[in-house]
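**Student:** Structure file work.csv, CSV, C-alpha atoms, is pasted below:
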chain,number,residue,atom,x,y,z
A,17,MET,CA,62.1,14.4,118.9
A,18,THR,CA,60.4,12.6,121.8
A,19,GLY,CA,57.0,13.8,122.8
A,20,THR,CA,55.9,15.2,119.4
A,21,PRO,CA,53.6,12.8,117.5
A,22,ASN,CA,54.7,12.0,114.0
A,23,PRO,CA,52.1,13.5,111.6
A,24,LEU,CA,52.8,10.7,109.1
A,25,ALA,CA,52.4,7.9,111.6
A,26,ALA,CA,49.1,6.8,110.2
A,27,PHE,CA,50.6,6.4,106.7
A,28,THR,CA,53.7,4.6,107.8
A,29,GLU,CA,51.8,2.0,109.9
A,30,ASP,CA,49.0,1.4,107.4
A,31,LYS,CA,50.0,1.5,103.7
A,32,HIS,CA,46.4,1.7,102.6
A,33,ALA,CA,45.5,4.6,104.8
A,34,ILE,CA,46.6,7.0,102.0
A,35,GLU,CA,43.7,5.7,99.8
A,36,GLN,CA,41.3,7.5,102.1
A,37,TRP,CA,42.8,10.8,101.2
A,38,ILE,CA,43.8,10.4,97.6
A,39,LEU,CA,41.8,9.0,94.7
A,40,THR,CA,44.0,7.1,92.3
A,41,THR,CA,43.1,6.1,88.7
A,42,ARG,CA,44.7,5.3,85.4
A,43,LEU,CA,45.2,8.2,83.1
A,44,ALA,CA,43.3,6.4,80.3
A,45,ASP,CA,40.3,6.0,82.6
A,46,TYR,CA,40.5,9.6,83.7
A,47,VAL,CA,40.6,10.8,80.1
A,48,ALA,CA,37.7,8.5,79.1
A,49,TRP,CA,35.6,9.8,82.1
A,50,GLY,CA,36.2,13.3,80.9
A,51,ARG,CA,35.3,12.5,77.3
A,52,LYS,CA,32.2,10.5,78.1
A,53,ASN,CA,30.7,13.3,80.2
A,54,SER,CA,31.4,16.0,77.6
A,55,LEU,CA,30.4,14.5,74.3
A,56,TRP,CA,29.9,17.4,71.9
A,57,PRO,CA,27.6,16.3,69.1
A,58,MET,CA,27.7,17.4,65.5
A,59,PRO,CA,24.1,17.6,64.5
A,60,MET,CA,24.0,16.2,61.0
A,61,GLY,CA,20.3,16.9,60.6
A,62,LEU,CA,19.2,15.9,57.2
A,63,ALA,CA,15.5,15.1,57.6
A,64,CYS,CA,12.6,14.7,60.1
A,65,CYS,CA,14.8,12.8,62.6
A,66,ALA,CA,16.5,16.2,63.3
A,67,ILE,CA,13.2,17.4,64.9
A,68,GLU,CA,13.5,14.6,67.4
A,69,LEU,CA,17.2,15.5,67.8
A,70,MET,CA,16.1,19.0,68.7
A,71,ALA,CA,13.5,17.6,71.1
A,72,MET,CA,16.2,15.6,72.8
A,73,VAL,CA,18.3,18.8,73.4
A,74,ALA,CA,15.2,20.8,74.6
A,75,SER,CA,14.1,21.0,78.2
A,76,ARG,CA,11.8,17.9,78.4
A,77,TYR,CA,14.5,15.4,77.6
A,78,ASP,CA,17.4,17.7,78.4
A,79,VAL,CA,20.5,15.9,77.2
A,80,ALA,CA,22.6,18.3,79.3
A,81,ARG,CA,22.1,15.8,82.0
A,82,PHE,CA,24.5,13.6,80.1
A,83,GLY,CA,26.9,16.4,79.2
A,84,ALA,CA,26.0,16.3,75.5
A,85,GLU,CA,24.0,19.5,75.2
A,86,ALA,CA,26.7,21.5,73.4
A,87,LEU,CA,25.7,21.0,69.8
A,88,ARG,CA,28.6,22.2,67.7
A,89,PHE,CA,27.8,23.3,64.1
A,90,SER,CA,31.5,23.3,63.4
A,91,PRO,CA,32.9,19.8,62.9
A,92,ARG,CA,36.3,21.0,64.3
A,93,GLN,CA,34.7,21.3,67.8
A,94,ALA,CA,32.6,18.1,67.8
A,95,ASP,CA,33.4,14.6,68.7
A,96,LEU,CA,30.1,12.8,68.2
A,97,MET,CA,28.4,12.9,64.8
A,98,ILE,CA,24.6,12.2,64.9
A,99,VAL,CA,23.5,11.4,61.4
A,100,ALA,CA,19.8,12.2,61.6
A,101,GLY,CA,17.9,11.7,58.4
A,102,THR,CA,18.0,10.4,54.9
A,103,VAL,CA,21.5,10.6,53.4
A,104,THR,CA,21.0,11.3,49.7
A,105,LYS,CA,23.8,10.6,47.2
A,106,LYS,CA,24.0,14.4,46.7
A,107,MET,CA,24.6,15.0,50.4
A,108,ALA,CA,26.9,12.0,50.9
A,109,PRO,CA,30.2,13.8,50.0
A,110,ALA,CA,29.3,16.6,52.4
A,111,VAL,CA,28.6,14.1,55.2
A,112,LYS,CA,31.9,12.3,54.5
A,113,ARG,CA,33.8,15.5,54.4
A,114,ILE,CA,32.3,16.8,57.7
A,115,PHE,CA,33.2,13.5,59.3
A,116,ASP,CA,36.8,13.8,58.0
A,117,GLN,CA,37.0,17.3,59.5
A,118,MET,CA,36.1,16.2,63.0
A,119,PRO,CA,39.2,15.7,65.3
A,120,GLU,CA,40.0,12.4,66.9
A,121,PRO,CA,38.6,10.6,68.8
A,122,LYS,CA,35.2,10.7,67.1
A,123,TRP,CA,32.1,8.7,67.2
A,124,VAL,CA,29.1,8.3,65.0
A,125,ILE,CA,25.4,7.6,65.8
A,126,SER,CA,23.2,6.6,62.9
A,127,MET,CA,19.8,7.8,63.9
A,128,GLY,CA,16.6,6.4,62.4
A,129,ALA,CA,15.8,3.9,59.6
A,130,CYS,CA,17.0,6.1,56.7
A,131,ALA,CA,20.4,6.8,58.0
A,132,SER,CA,20.9,3.3,59.3
A,133,SER,CA,19.9,1.3,56.2
A,134,GLY,CA,18.1,3.6,53.8
A,135,GLY,CA,14.8,2.8,55.4
A,136,MET,CA,11.9,2.8,53.0
A,137,PHE,CA,13.8,4.6,50.4
A,138,ARG,CA,15.1,1.7,48.4
A,139,SER,CA,16.0,3.9,45.5
A,140,TYR,CA,18.9,5.2,43.5
A,141,PRO,CA,19.3,8.7,45.0
A,142,VAL,CA,19.5,7.4,48.6
A,143,VAL,CA,22.6,5.9,50.3
A,144,GLN,CA,21.5,2.6,51.7
A,145,GLY,CA,22.9,3.3,55.1
A,146,VAL,CA,25.4,5.9,56.1
A,147,ASP,CA,27.8,3.2,57.1
A,148,GLU,CA,28.6,2.8,53.4
A,149,ILE,CA,30.5,6.1,53.6
A,150,ILE,CA,31.5,6.5,57.2
A,151,PRO,CA,31.9,3.9,60.0
A,152,VAL,CA,29.0,3.9,62.5
A,153,ASP,CA,29.2,3.0,66.2
A,154,VAL,CA,25.6,2.9,67.3
A,155,TYR,CA,22.5,2.3,65.2
A,156,ILE,CA,19.1,3.5,66.4
A,157,PRO,CA,15.9,2.1,64.8
A,158,GLY,CA,12.7,4.1,64.4
A,159,CYS,CA,11.0,6.4,62.0
A,160,PRO,CA,11.9,8.7,63.7
A,161,PRO,CA,13.2,7.3,66.9
A,162,ARG,CA,11.9,8.8,70.1
A,163,PRO,CA,14.2,11.2,71.9
A,164,GLU,CA,14.5,8.5,74.6
A,165,ALA,CA,16.0,6.2,72.0
A,166,LEU,CA,18.6,8.8,71.1
A,167,ILE,CA,19.5,9.3,74.7
A,168,GLU,CA,19.8,5.5,74.9
A,169,GLY,CA,22.2,5.7,71.9
A,170,ILE,CA,24.3,8.4,73.6
A,171,MET,CA,24.4,6.3,76.8
A,172,LYS,CA,25.7,3.4,74.6
A,173,VAL,CA,28.5,5.6,73.2
A,174,GLN,CA,29.3,6.6,76.8
A,175,ARG,CA,29.5,2.9,77.8
A,176,LEU,CA,31.8,2.2,74.8
A,177,LEU,CA,34.0,5.0,75.9
A,178,GLU,CA,34.0,3.8,79.5
A,179,GLU,CA,35.0,0.3,78.4
A,180,GLY,CA,37.9,1.8,76.4
A,181,ALA,CA,36.4,0.5,73.2
A,182,ARG,CA,37.9,2.0,70.1
A,183,ALA,CA,35.6,3.9,67.7
A,184,ALA,CA,34.3,2.1,64.6
A,185,HIS,CA,36.5,4.1,62.3
A,186,GLU,CA,39.6,2.9,64.1
A,187,ARG,CA,38.5,-0.7,64.3
A,188,THR,CA,37.5,-1.1,60.6
A,189,PRO,CA,39.1,0.5,57.5
A,190,ALA,CA,37.0,3.3,56.1
A,191,PRO,CA,34.3,1.9,53.9
A,192,ARG,CA,34.8,2.6,50.2
A,193,PRO,CA,32.1,4.8,48.7
A,194,GLY,CA,30.5,2.9,45.9
A,195,PRO,CA,27.3,1.2,44.8
A,196,ALA,CA,25.1,-0.3,47.5
A,197,THR,CA,26.6,-3.6,48.5
A,198,ALA,CA,24.3,-5.5,50.9
A,199,VAL,CA,20.8,-4.0,50.4
A,200,ARG,CA,18.7,-5.9,52.9
B,8,MET,CA,10.0,55.1,50.1
B,9,PRO,CA,7.7,52.9,52.2
B,10,LEU,CA,4.4,52.0,50.6
B,11,SER,CA,2.3,53.5,53.4
B,12,GLY,CA,3.7,56.9,52.6
B,13,ARG,CA,5.1,57.2,56.2
B,14,ARG,CA,8.8,57.1,56.9
B,15,VAL,CA,10.0,54.8,59.7
B,16,LYS,CA,11.5,56.9,62.4
B,17,ARG,CA,15.1,56.1,63.0
B,18,PRO,CA,15.7,55.2,66.7
B,19,GLY,CA,17.3,58.0,68.6
B,20,ARG,CA,20.6,57.8,70.4
B,21,PRO,CA,20.5,55.5,73.4
B,22,GLY,CA,20.2,57.2,76.8
B,23,LEU,CA,22.7,57.0,79.6
B,24,LEU,CA,20.9,54.2,81.3
B,25,GLU,CA,20.6,52.1,78.1
B,26,VAL,CA,24.3,52.5,77.5
B,27,THR,CA,25.1,50.7,80.8
B,28,TYR,CA,23.1,47.7,79.6
B,29,LEU,CA,21.8,47.3,83.1
B,30,PRO,CA,18.0,47.4,82.3
B,31,SER,CA,18.4,44.7,79.7
B,32,ILE,CA,20.5,42.5,82.0
B,33,LEU,CA,18.0,42.8,84.8
B,34,LYS,CA,15.2,42.1,82.5
B,35,GLY,CA,16.9,38.9,81.4
B,36,MET,CA,17.8,37.9,84.9
B,37,TRP,CA,14.2,38.4,85.9
B,38,ILE,CA,13.0,35.9,83.2
B,39,THR,CA,15.6,33.4,84.4
B,40,LEU,CA,14.5,33.8,88.0
B,41,ARG,CA,10.9,33.4,87.1
B,42,HIS,CA,11.6,30.0,85.5
B,43,LEU,CA,13.1,28.8,88.8
B,44,PHE,CA,9.7,28.8,90.4
B,45,ARG,CA,7.8,27.3,87.5
B,46,ARG,CA,6.7,23.7,87.1
B,47,LYS,CA,9.7,21.5,86.2
B,48,VAL,CA,9.3,20.0,82.7
B,49,THR,CA,12.4,17.7,82.5
B,50,MET,CA,11.7,14.0,82.5
B,51,GLN,CA,14.6,12.2,84.2
B,52,TYR,CA,14.6,9.6,81.4
B,53,PRO,CA,16.3,6.4,82.3
B,54,GLU,CA,14.7,6.5,85.8
B,55,GLN,CA,11.4,8.1,84.8
B,56,LYS,CA,9.5,6.9,81.8
B,57,TRP,CA,6.8,8.2,79.6
B,58,THR,CA,3.4,6.5,79.9
B,59,LEU,CA,2.7,5.2,76.4
B,60,PRO,CA,-0.8,5.4,74.8
B,61,GLU,CA,-2.7,2.2,74.2
B,62,ASN,CA,-2.2,2.3,70.5
B,63,TYR,CA,1.6,3.2,70.5
B,64,ARG,CA,3.5,1.6,67.7
B,65,GLY,CA,7.0,0.3,68.7
B,66,LEU,CA,9.0,-2.5,67.3
B,67,PRO,CA,7.0,-5.4,65.8
B,68,ALA,CA,7.0,-8.9,67.3
B,69,LEU,CA,5.5,-12.3,66.8
B,70,VAL,CA,3.1,-13.8,69.3
B,71,ARG,CA,2.2,-17.3,70.4
B,72,ASP,CA,-1.3,-18.5,71.3
B,73,GLN,CA,-2.4,-19.9,74.7
B,74,MET,CA,-1.0,-23.4,73.8
B,75,GLU,CA,2.4,-21.8,73.0
B,76,ARG,CA,2.0,-22.5,69.3
B,77,VAL,CA,3.5,-20.1,66.8
B,78,LYS,CA,0.5,-18.3,65.4
B,79,CYS,CA,2.2,-17.2,62.1
B,80,VAL,CA,1.2,-19.5,59.2
B,81,ALA,CA,3.8,-18.0,56.8
B,82,CYS,CA,1.2,-16.5,54.4
B,83,PHE,CA,3.7,-13.8,53.3
B,84,LEU,CA,1.0,-11.0,53.5
B,85,CYS,CA,3.1,-8.9,55.9
B,86,GLU,CA,6.2,-9.4,53.8
B,87,PHE,CA,4.2,-8.2,50.7
B,88,VAL,CA,2.6,-5.2,52.4
B,89,CYS,CA,5.7,-4.0,54.3
B,90,PRO,CA,6.6,-0.6,52.7
B,91,PRO,CA,10.4,-0.8,53.3
B,92,LYS,CA,10.4,-4.6,52.8
B,93,ALA,CA,11.9,-5.2,56.2
B,94,ILE,CA,10.4,-8.7,56.7
B,95,HIS,CA,11.9,-11.8,55.3
B,96,ILE,CA,10.0,-15.1,55.6
B,97,GLU,CA,10.7,-18.7,54.5
B,98,ALA,CA,7.9,-21.2,55.0
B,99,GLN,CA,8.0,-24.8,56.0
B,100,GLU,CA,5.6,-27.7,56.7
B,101,ILE,CA,4.6,-28.2,60.4
B,102,ALA,CA,3.7,-31.3,62.3
B,103,THR,CA,-0.1,-30.9,62.3
B,104,GLY,CA,-0.2,-31.0,58.5
B,105,VAL,CA,-3.0,-28.5,58.1
B,106,GLU,CA,-1.0,-25.3,58.1
B,107,LYS,CA,2.4,-23.9,57.2
B,108,GLY,CA,4.7,-22.3,59.6
B,109,PRO,CA,7.7,-20.0,59.3
B,110,LYS,CA,11.1,-21.6,59.1
B,111,VAL,CA,12.8,-18.2,58.9
B,112,PHE,CA,11.1,-15.0,60.0
B,113,GLU,CA,13.4,-12.1,60.1
B,114,ILE,CA,12.6,-8.4,60.6
B,115,ASN,CA,15.3,-5.9,59.8
B,116,MET,CA,14.6,-3.4,62.6
B,117,LEU,CA,16.8,-0.8,60.9
B,118,ARG,CA,14.5,-0.9,57.8
B,119,CYS,CA,11.3,-1.1,59.8
B,120,ILE,CA,9.4,2.2,60.1
B,121,MET,CA,6.8,0.9,62.6
B,122,CYS,CA,3.9,1.7,60.3
B,123,GLY,CA,1.8,-1.2,61.7
B,124,TYR,CA,0.7,-2.4,58.2
B,125,CYS,CA,1.9,-5.9,59.1
B,126,GLU,CA,-0.3,-6.0,62.2
B,127,GLU,CA,-3.2,-4.7,60.2
B,128,VAL,CA,-2.9,-7.1,57.4
B,129,CYS,CA,-2.2,-10.3,59.4
B,130,PRO,CA,-5.2,-12.7,59.1
B,131,GLU,CA,-3.9,-14.8,62.0
B,132,GLN,CA,-3.2,-11.9,64.4
B,133,ALA,CA,0.3,-13.3,64.7
B,134,ILE,CA,2.3,-10.1,64.5
B,135,PHE,CA,1.9,-7.1,66.8
B,136,LEU,CA,3.7,-3.8,67.4
B,137,THR,CA,5.1,-3.8,70.9
B,138,LYS,CA,5.7,-0.7,73.0
B,139,GLU,CA,9.4,-1.1,72.7
B,140,TYR,CA,10.9,2.2,71.7
B,141,SER,CA,14.4,2.5,73.1
B,142,THR,CA,16.3,-0.4,71.5
B,143,VAL,CA,19.8,0.5,70.1
B,144,GLY,CA,22.3,-1.7,68.4
B,145,LEU,CA,26.0,-1.8,67.7
B,146,SER,CA,25.9,-3.5,64.2
B,147,ARG,CA,23.5,-4.0,61.4
B,148,GLU,CA,23.6,-7.8,61.8
B,149,GLU,CA,22.5,-7.5,65.4
B,150,MET,CA,19.5,-5.4,64.4
B,151,ILE,CA,18.1,-8.1,62.1
B,152,PHE,CA,15.9,-9.9,64.6
B,153,PRO,CA,15.4,-13.7,64.0
B,154,LYS,CA,12.2,-15.6,64.7
B,155,GLU,CA,13.2,-16.7,68.2
B,156,LYS,CA,13.9,-13.2,69.3
B,157,LEU,CA,10.7,-11.8,67.8
B,158,LEU,CA,8.7,-14.6,69.6
B,159,ALA,CA,10.4,-13.8,72.9
B,160,MET,CA,9.5,-10.2,72.5
B,161,GLY,CA,5.9,-10.8,71.6
B,162,GLY,CA,5.0,-13.3,74.3
B,163,ILE,CA,1.6,-15.0,74.5
B,164,ARG,CA,-1.7,-13.6,73.2
B,165,PRO,CA,-4.7,-16.0,73.6
B,166,ASP,CA,-6.5,-16.9,70.4
B,167,PRO,CA,-10.3,-16.6,71.0
B,168,ILE,CA,-11.2,-18.4,67.8
B,169,LYS,CA,-9.5,-21.6,68.7
B,170,LYS,CA,-8.8,-22.4,65.1
B,171,TRP,CA,-6.4,-25.2,65.9
B,172,GLU,CA,-8.8,-27.2,67.9
B,173,ARG,CA,-11.3,-27.0,65.1
B,174,LEU,CA,-8.8,-27.9,62.4
B,175,THR,CA,-7.3,-30.8,64.1
B,176,SER,CA,-10.5,-32.4,65.5
B,177,GLY,CA,-12.1,-32.4,62.0
B,178,GLN,CA,-14.9,-30.2,63.3
B,179,ALA,CA,-14.3,-27.7,60.5
B,180,ARG,CA,-14.5,-30.4,57.8
B,181,GLU,CA,-17.9,-31.7,59.2
B,182,GLU,CA,-19.2,-28.1,59.1
B,183,ARG,CA,-18.2,-27.8,55.5
B,184,ALA,CA,-19.5,-31.2,54.5
B,185,PRO,CA,-23.3,-30.5,54.2
B,186,GLU,CA,-22.7,-28.0,51.4
B,187,PRO,CA,-23.9,-29.5,48.1
B,188,ALA,CA,-21.2,-30.1,45.6
B,189,GLY,CA,-20.9,-27.4,43.0
B,190,ALA,CA,-22.3,-24.7,45.3
B,191,GLY,CA,-18.9,-23.3,46.1
B,192,ARG,CA,-17.1,-20.3,44.5
B,193,SER,CA,-15.4,-22.5,41.9
B,194,ALA,CA,-18.7,-23.5,40.4
B,195,ALA,CA,-20.0,-19.9,40.3
B,196,ARG,CA,-17.1,-19.1,38.0
Would you mind giving the structure from this file in structure tokens?
**Tutor:**
Amino acid sequence: MTGTPNPLAAFTEDKHAIEQWILTTRLADYVAWGRKNSLWPMPMGLACCAIELMAMVASRYDVARFGAEALRFSPRQADLMIVAGTVTKKMAPAVKRIFDQMPEPKWVISMGACASSGGMFRSYPVVQGVDEIIPVDVYIPGCPPRPEALIEGIMKVQRLLEEGARAAHERTPAPRPGPATAVR
Amino acid sequence: MPLSGRRVKRPGRPGLLEVTYLPSILKGMWITLRHLFRRKVTMQYPEQKWTLPENYRGLPALVRDQMERVKCVACFLCEFVCPPKAIHIEAQEIATGVEKGPKVFEINMLRCIMCGYCEEVCPEQAIFLTKEYSTVGLSREEMIFPKEKLLAMGGIRPDPIKKWERLTSGQAREERAPEPAGAGRSAAR
């Protein structure tokens, strides 16, 4: 075979030459990359925060730039729950049930003062923070928060996914529904 | 029967053109095409930011005066007026001996509704609402901001009254001295 150049010569001489042609990664990183760029939120709109949630999806803030524009009203198709609004004790079982219906892996954003801590409703019909019934990953302050803050929250979830951090409900045991524990 | 006495006419069978759906599709595509040449409305958020109005109410923060003293005198007015009771204060004596100061000053940002009552009620102009609107947190504990963090957020705002100079130099006491005894409010009662 004299005279004909070996087509694989470049690769046999330099072992790293192949890296110019093929992108290698870990499977976990690849999956995380896919997940983080296609978060499908479940809009748990319970009060006025949901208006800002809609503003975030609309054209001015356009969350499609982050791949999270596909709001799924079916929990079976969603993997990010955005609790936007006051969680009353009457609504709490429904919120918990919808969270349980979401497939793994799932993430939760608690949007606004009411969902995060009860806000100004320090009263018996309001759950003092949605983290008393479901584990929350990202908290967003504000009454209501601006759409930018919500985008910031989604970026935080993306960063958690990128780092390979486990979701809050995997890290901590599911909180027991009961009377408000730490009302601060 | 309709109230107007007229019957609504039932639409007739669709024509051949309508059955193909082509006019509707073209109409829809025309709207999409028109939007391509309109002004772009999307704000590229993390890179591009909104210009906030002067009176925007974001997260509250404590400020220091021009001598870097904590302006807050722990009068508890903001804690009292705060609708969601997000503020927690513990007072202490401070070196000058004329005023109190906060030992603990915490604001639970997840309770805070940015109403601005604290700024409005503060007699010392020590608490202000900043223009911070995009803070997020990973835990509840993290979102209870301690005094140091609030002071770092607020920065320095000069105090035009220069209360401290007057109080520590005794100037204020001299000004009050000429008043005859018994002319004060306590005597009027």
**Student:** Please provide as a PyMOL selection string all residues within 8 Å of Ala131 in chain A, with the sequence filter that same-chain residues fewer than 5 positions apart are discarded (counting all atoms listed in the file).
**Tutor:** chain A and resi 99-103+126+144-146
**Student:** If we count all atoms listed in the file, which residues of chain A reach to within 8 Å of chain B? Please list them as a PyMOL selection string.
**Tutor:** chain A and resi 75-78+128-130+132-138+153-162+164-166+168-169+172+200
**Student:** What is the distance between CA of Val143 in chain A and CA of Lys105 in chain A, in Å to one decimal?
**Tutor:**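 Interatomic distance, CA of Val143 in chain A to CA of Lys105 in chain A: 5.8 Å.
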**Student:** Find, counting only C-alpha atoms, the residue in B:Lys154, B:Arg64, B:Arg164, B:Lys107 that gets nearest to Gln132 in chain B.
**Tutor:**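 The shortest atom-to-atom distance to Gln132 in chain B comes from B:Arg164.
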**Student:** Suppose you want the space between CA of Tyr124 in chain B and CA of Cys85 in chain B; what is it in Å?
**Tutor:** 7.3 Å
**Student:** Given the point (5.8, -14.9, 67.6) in the coordinates of this file, which residues lie within 8 Å, counting only C-alpha atoms, and how would they look as a list in words?
**Tutor:**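 Residues satisfying the cut-off, written out: Ala68, Leu69, Val70, Arg71, Val77, Lys78, Cys79, Ala133, Ile134, Lys154, Glu155, Leu157, Leu158, Ala159, Met160, Gly161 and Gly162 of chain B.
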**Student:** What's the separation between CA of Lys110 in chain B and CA of Lys138 in chain B, in Å to one decimal place?
**Tutor:**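 CA of Lys110 in chain B sits 25.7 Å away from CA of Lys138 in chain B.
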**Student:** Calculated over all atoms listed in the file, which of the candidates A:Ala183, A:Met72, A:Ala84, A:Ala63 has the smallest distance to Pro163 in chain A?
**Tutor:**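 Ranked by minimum distance to Pro163 in chain A, first place goes to A:Met72.
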**Student:** From the list B:Glu113, B:Glu97, B:Glu172, B:Glu61, which residue is nearest Glu148 in chain B when using only C-alpha atoms?
**Tutor:**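 Of all the options, B:Glu113 lies closest to Glu148 in chain B.
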**Student:** Which residue out of B:Pro109, B:Val15, B:Ala81, B:Met74 has the minimum interatomic distance to Lys169 in chain B when all atoms listed in the file are used?
**Tutor:**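 Using all atoms listed in the file, Lys169 in chain B sits closest to B:Met74.
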**Student:** Could you list, as a ChimeraX atom specification, every residue within 7 Å of Gln117 in chain A, counting all atoms listed in the file and ignoring same-chain residues fewer than 4 positions away?
**Tutor:** /A:91-92,113
**Student:** Given all atoms listed in the file as the basis, pick out the residue of A:Met118, A:Val79, A:Ala71, A:Ile149 nearest to Thr104 in chain A.
**Tutor:**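 Of A:Met118, A:Val79, A:Ala71, A:Ile149, the one nearest Thr104 in chain A is A:Ile149, counting all atoms listed in the file.
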